[in-house]
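See below for the structure under consideration.
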Amino acid sequence: MNNAADFHTQEDDVFGRIAGRYDLLSDLFSFGIHRLWKRRVAALIAGEPWTNLLDVAAGTGDVVLKVARRQGLQSDQKIVASDISPQMLAIARRRATRLTVPIEFRVLDAHAMPNVADDSVDLYSISLGLKICERKLALREALRVLKPGGRFIALEASNISMRWLHRAYLGYMAVCMPVIGWIATGGDASAYRYLLKGIQDFPTAEGLAAELRDMGFAEVSFERLSLGIVAIHVARKPKAAGP
């Protein structure tokens, strides 16, 4: 299945509805550990040479704000934070007013970004968004907009290598996520249903790495965090072949 969460933005504006509670949900579901994951992603992004950074499914801006705080940007460097939810981006934009680093916020659908030119982005990042996307469409679009040699970095749900522990983790989430989600979202059942299904049905780290290679990415690698609850995938768009 390409969309692990079976979420379709045209049918349900759940992230618009819970935008104001999304950060609380993330803290509750992960006991705040998601902040460490995103800090690691931001460190990887800041350590890469780039002029144009496109952060897709940016949500409330956690990753790009961490990048902006870590990295004293040069005058030629540009950050674009995009999301399909205007409500989520509005929160990110409000949080960014405290920064001196300019960030452009754009409402974009990860599946199709016609206003982003081919071969125009040095670094494409996405955090915890692939599980609610049609992955093939989103990855194909990432490959299109990246410059030859451009870097792809994704933080996403993964699998704990010890199967018994992974099953225990999924069991815990199946029990606790509905309760936490119901309380935190004021009874919006779809909010936690998508998140839980996305975690349960997402590929293993090895599986997603294989998908990236099949899509045409090169130099694919991944790093498991928190025993494998999530993984950071890094890849590169192949450079154009010489004459």
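In the structure tokens, chains take letters A, B, ... by order of appearance, with residues numbered from 1 within each chain and ligands from 1 in the order shown.
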List every residue of stretch 134-230 of chain A that has an atom at most 12 Å from any atom of stretch 38-56 of chain A, and for each one report the closest atom pair and its distance in Å to one decimal, counting only C-alpha atoms, with rows sorted by chain and then by increasing residue number, as JSON lines.
{"residue": "A:Ala138", "atom": "CA", "partner": "A:Val56", "partner_atom": "CA", "distance": 9.6}
{"residue": "A:Leu139", "atom": "CA", "partner": "A:Val56", "partner_atom": "CA", "distance": 11.2}
{"residue": "A:Glu141", "atom": "CA", "partner": "A:Val56", "partner_atom": "CA", "distance": 10.9}
{"residue": "A:Ala142", "atom": "CA", "partner": "A:Val56", "partner_atom": "CA", "distance": 9.3}
{"residue": "A:Val145", "atom": "CA", "partner": "A:Leu54", "partner_atom": "CA", "distance": 9.3}
{"residue": "A:Leu146", "atom": "CA", "partner": "A:Leu54", "partner_atom": "CA", "distance": 9.3}
{"residue": "A:Lys147", "atom": "CA", "partner": "A:Asn52", "partner_atom": "CA", "distance": 9.9}
{"residue": "A:Gly149", "atom": "CA", "partner": "A:Trp50", "partner_atom": "CA", "distance": 10.9}
{"residue": "A:Gly150", "atom": "CA", "partner": "A:Trp50", "partner_atom": "CA", "distance": 8.5}
{"residue": "A:Arg151", "atom": "CA", "partner": "A:Glu48", "partner_atom": "CA", "distance": 8.3}
{"residue": "A:Phe152", "atom": "CA", "partner": "A:Ile45", "partner_atom": "CA", "distance": 9.5}
{"residue": "A:Ile153", "atom": "CA", "partner": "A:Ile45", "partner_atom": "CA", "distance": 7.7}
{"residue": "A:Ala154", "atom": "CA", "partner": "A:Val41", "partner_atom": "CA", "distance": 8.0}
{"residue": "A:Leu155", "atom": "CA", "partner": "A:Val41", "partner_atom": "CA", "distance": 7.1}
{"residue": "A:Glu156", "atom": "CA", "partner": "A:Lys38", "partner_atom": "CA", "distance": 10.5}
{"residue": "A:Phe222", "atom": "CA", "partner": "A:Val41", "partner_atom": "CA", "distance": 11.7}
{"residue": "A:Glu223", "atom": "CA", "partner": "A:Arg40", "partner_atom": "CA", "distance": 10.4}
{"residue": "A:Arg224", "atom": "CA", "partner": "A:Arg40", "partner_atom": "CA", "distance": 11.2}
{"residue": "A:Leu225", "atom": "CA", "partner": "A:Arg40", "partner_atom": "CA", "distance": 9.3}
{"residue": "A:Ser226", "atom": "CA", "partner": "A:Arg40", "partner_atom": "CA", "distance": 11.8}
{"residue": "A:Val230", "atom": "CA", "partner": "A:Lys38", "partner_atom": "CA", "distance": 10.7}
What does the file look like for those residues with C-alpha atoms, as a PDB file, in the first residue's frame?
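This is the output file selection00.pdb:
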ATOM      1  CA  ALA A 138       5.554  11.978  -3.249  1.00  0.00           C
ATOM      2  CA  LEU A 139       8.907  10.299  -3.882  1.00  0.00           C
ATOM      3  CA  GLU A 141       7.933  14.472  -7.047  1.00  0.00           C
ATOM      4  CA  ALA A 142      10.893  14.715  -4.684  1.00  0.00           C
ATOM      5  CA  VAL A 145      12.410  18.821  -7.987  1.00  0.00           C
ATOM      6  CA  LEU A 146      15.837  17.826  -6.669  1.00  0.00           C
ATOM      7  CA  LYS A 147      18.876  18.966  -8.593  1.00  0.00           C
ATOM      8  CA  GLY A 149      23.275  15.331  -6.874  1.00  0.00           C
ATOM      9  CA  GLY A 150      20.694  16.872  -4.522  1.00  0.00           C
ATOM     10  CA  ARG A 151      20.065  15.315  -1.108  1.00  0.00           C
ATOM     11  CA  PHE A 152      16.867  13.670   0.184  1.00  0.00           C
ATOM     12  CA  ILE A 153      16.350  13.358   3.959  1.00  0.00           C
ATOM     13  CA  ALA A 154      13.267  11.757   5.508  1.00  0.00           C
ATOM     14  CA  LEU A 155      12.325  11.017   9.112  1.00  0.00           C
ATOM     15  CA  GLU A 156       9.654   8.359   9.249  1.00  0.00           C
ATOM     16  CA  PHE A 222      19.187   4.889   6.998  1.00  0.00           C
ATOM     17  CA  GLU A 223      19.748   5.428  10.700  1.00  0.00           C
ATOM     18  CA  ARG A 224      17.389   3.945  13.280  1.00  0.00           C
ATOM     19  CA  LEU A 225      16.514   6.094  16.286  1.00  0.00           C
ATOM     20  CA  SER A 226      14.957   5.029  19.598  1.00  0.00           C
ATOM     21  CA  VAL A 230      11.634   5.813  13.631  1.00  0.00           C
TER      22      VAL A 230
END
Using DSSP on the backbone coordinates, identify all residues within stretch 87-193 of chain A classified as strand (DSSP E); present the result as JSON, numbers by chain.
-> {"A": [103, 104, 105, 106, 107, 121, 122, 123, 124, 125, 126, 127, 146, 147, 148, 149, 150, 151, 152, 153, 154, 155, 156, 157]}
Writing out the chosen residues with N, CA and C atoms as an mmCIF file, in the first residue's frame:
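Ended up saving to out.cif:
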data_model
loop_
_atom_site.group_PDB
_atom_site.id
_atom_site.type_symbol
_atom_site.label_atom_id
_atom_site.label_comp_id
_atom_site.auth_asym_id
_atom_site.auth_seq_id
_atom_site.Cartn_x
_atom_site.Cartn_y
_atom_site.Cartn_z
ATOM 1 N N ILE A 103 12.062 32.654 6.331
ATOM 2 C CA ILE A 103 11.557 31.375 5.833
ATOM 3 C C ILE A 103 10.317 31.670 5.006
ATOM 4 N N GLU A 104 10.243 31.087 3.819
ATOM 5 C CA GLU A 104 9.054 31.243 2.983
ATOM 6 C C GLU A 104 8.108 30.086 3.254
ATOM 7 N N PHE A 105 6.847 30.399 3.489
ATOM 8 C CA PHE A 105 5.842 29.364 3.768
ATOM 9 C C PHE A 105 4.898 29.261 2.580
ATOM 10 N N ARG A 106 4.737 28.040 2.058
ATOM 11 C CA ARG A 106 3.914 27.834 0.870
ATOM 12 C C ARG A 106 2.999 26.637 1.062
ATOM 13 N N VAL A 107 1.738 26.802 0.692
ATOM 14 C CA VAL A 107 0.792 25.686 0.708
ATOM 15 C C VAL A 107 1.045 24.852 -0.543
ATOM 16 N N VAL A 121 15.978 22.191 -6.442
ATOM 17 C CA VAL A 121 16.121 22.114 -4.987
ATOM 18 C C VAL A 121 17.389 21.337 -4.630
ATOM 19 N N ASP A 122 18.204 21.909 -3.754
ATOM 20 C CA ASP A 122 19.422 21.223 -3.312
ATOM 21 C C ASP A 122 19.123 20.139 -2.286
ATOM 22 N N LEU A 123 18.182 20.408 -1.398
ATOM 23 C CA LEU A 123 17.877 19.462 -0.337
ATOM 24 C C LEU A 123 16.371 19.427 -0.104
ATOM 25 N N TYR A 124 15.810 18.224 -0.147
ATOM 26 C CA TYR A 124 14.381 17.992 0.079
ATOM 27 C C TYR A 124 14.264 17.213 1.377
ATOM 28 N N SER A 125 13.470 17.726 2.320
ATOM 29 C CA SER A 125 13.284 17.018 3.588
ATOM 30 C C SER A 125 11.798 16.838 3.874
ATOM 31 N N ILE A 126 11.491 15.739 4.541
ATOM 32 C CA ILE A 126 10.117 15.455 4.954
ATOM 33 C C ILE A 126 10.186 14.662 6.255
ATOM 34 N N SER A 127 9.396 15.050 7.229
ATOM 35 C CA SER A 127 9.439 14.404 8.541
ATOM 36 C C SER A 127 8.056 13.931 8.943
ATOM 37 N N LEU A 146 14.450 17.790 -7.107
ATOM 38 C CA LEU A 146 15.837 17.826 -6.669
ATOM 39 C C LEU A 146 16.783 18.050 -7.848
ATOM 40 N N LYS A 147 17.819 18.824 -7.602
ATOM 41 C CA LYS A 147 18.876 18.966 -8.593
ATOM 42 C C LYS A 147 19.652 17.653 -8.682
ATOM 43 N N PRO A 148 20.250 17.357 -9.819
ATOM 44 C CA PRO A 148 21.148 16.200 -9.878
ATOM 45 C C PRO A 148 22.226 16.315 -8.802
ATOM 46 N N GLY A 149 22.354 15.287 -8.002
ATOM 47 C CA GLY A 149 23.275 15.331 -6.874
ATOM 48 C C GLY A 149 22.645 15.861 -5.605
ATOM 49 N N GLY A 150 21.383 16.324 -5.686
ATOM 50 C CA GLY A 150 20.694 16.872 -4.522
ATOM 51 C C GLY A 150 20.376 15.802 -3.488
ATOM 52 N N ARG A 151 20.247 16.230 -2.237
ATOM 53 C CA ARG A 151 20.065 15.315 -1.108
ATOM 54 C C ARG A 151 18.606 15.200 -0.704
ATOM 55 N N PHE A 152 18.209 13.980 -0.344
ATOM 56 C CA PHE A 152 16.867 13.670 0.184
ATOM 57 C C PHE A 152 17.041 13.184 1.612
ATOM 58 N N ILE A 153 16.291 13.774 2.556
ATOM 59 C CA ILE A 153 16.350 13.358 3.959
ATOM 60 C C ILE A 153 14.919 13.204 4.472
ATOM 61 N N ALA A 154 14.621 12.029 5.015
ATOM 62 C CA ALA A 154 13.267 11.757 5.508
ATOM 63 C C ALA A 154 13.324 11.099 6.881
ATOM 64 N N LEU A 155 12.555 11.643 7.808
ATOM 65 C CA LEU A 155 12.325 11.017 9.112
ATOM 66 C C LEU A 155 10.974 10.340 9.046
ATOM 67 N N GLU A 156 10.937 9.049 9.375
ATOM 68 C CA GLU A 156 9.654 8.359 9.249
ATOM 69 C C GLU A 156 9.555 7.186 10.215
ATOM 70 N N ALA A 157 8.322 6.730 10.414
ATOM 71 C CA ALA A 157 8.074 5.549 11.240
ATOM 72 C C ALA A 157 8.881 4.381 10.708
#
Nearby residues (only C-alpha atoms) at most 7 Å from A:Phe217, same-chain spacing under 4 positions excluded, as a PyMOL selection string | chain A and resi 212-213+235-238
Report the residues of stretch 3-241 of chain A whose backbone DSSP state falls under helix (DSSP H, G or I), written as a count of residues only.
-> 112
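The smallest atom-to-atom distance between A:Ser120 and any of A:Leu165, A:Ile91, A:Leu143, A:Leu137, using only C-alpha atoms, is found for A:Leu143.
The space separating atom CA of A:Ser158 from atom CA of A:Leu227 comes to 9.5 Å.
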Return the single residue from A:Gly61, A:Gly228, A:Pro114, A:Gly216 that is closest to A:Asn159, with distances computed using only C-alpha atoms.
-> A:Gly228
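Across the model, the gap from atom CA of A:Gln200 to atom CA of A:Ile180 is 17.0 Å.
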Which residues come within 12 Å of A:Pro86, counting only C-alpha atoms, excluding same-chain residues fewer than 4 positions away, as a PyMOL selection string?
-> chain A and resi 13+15-20+57-60+81-82+90-93+105-109
Between A:Asn2, A:Ser75, A:Thr100, A:Ser26, which has the minimum distance to A:Arg135 (counting only C-alpha atoms)?
-> A:Asn2
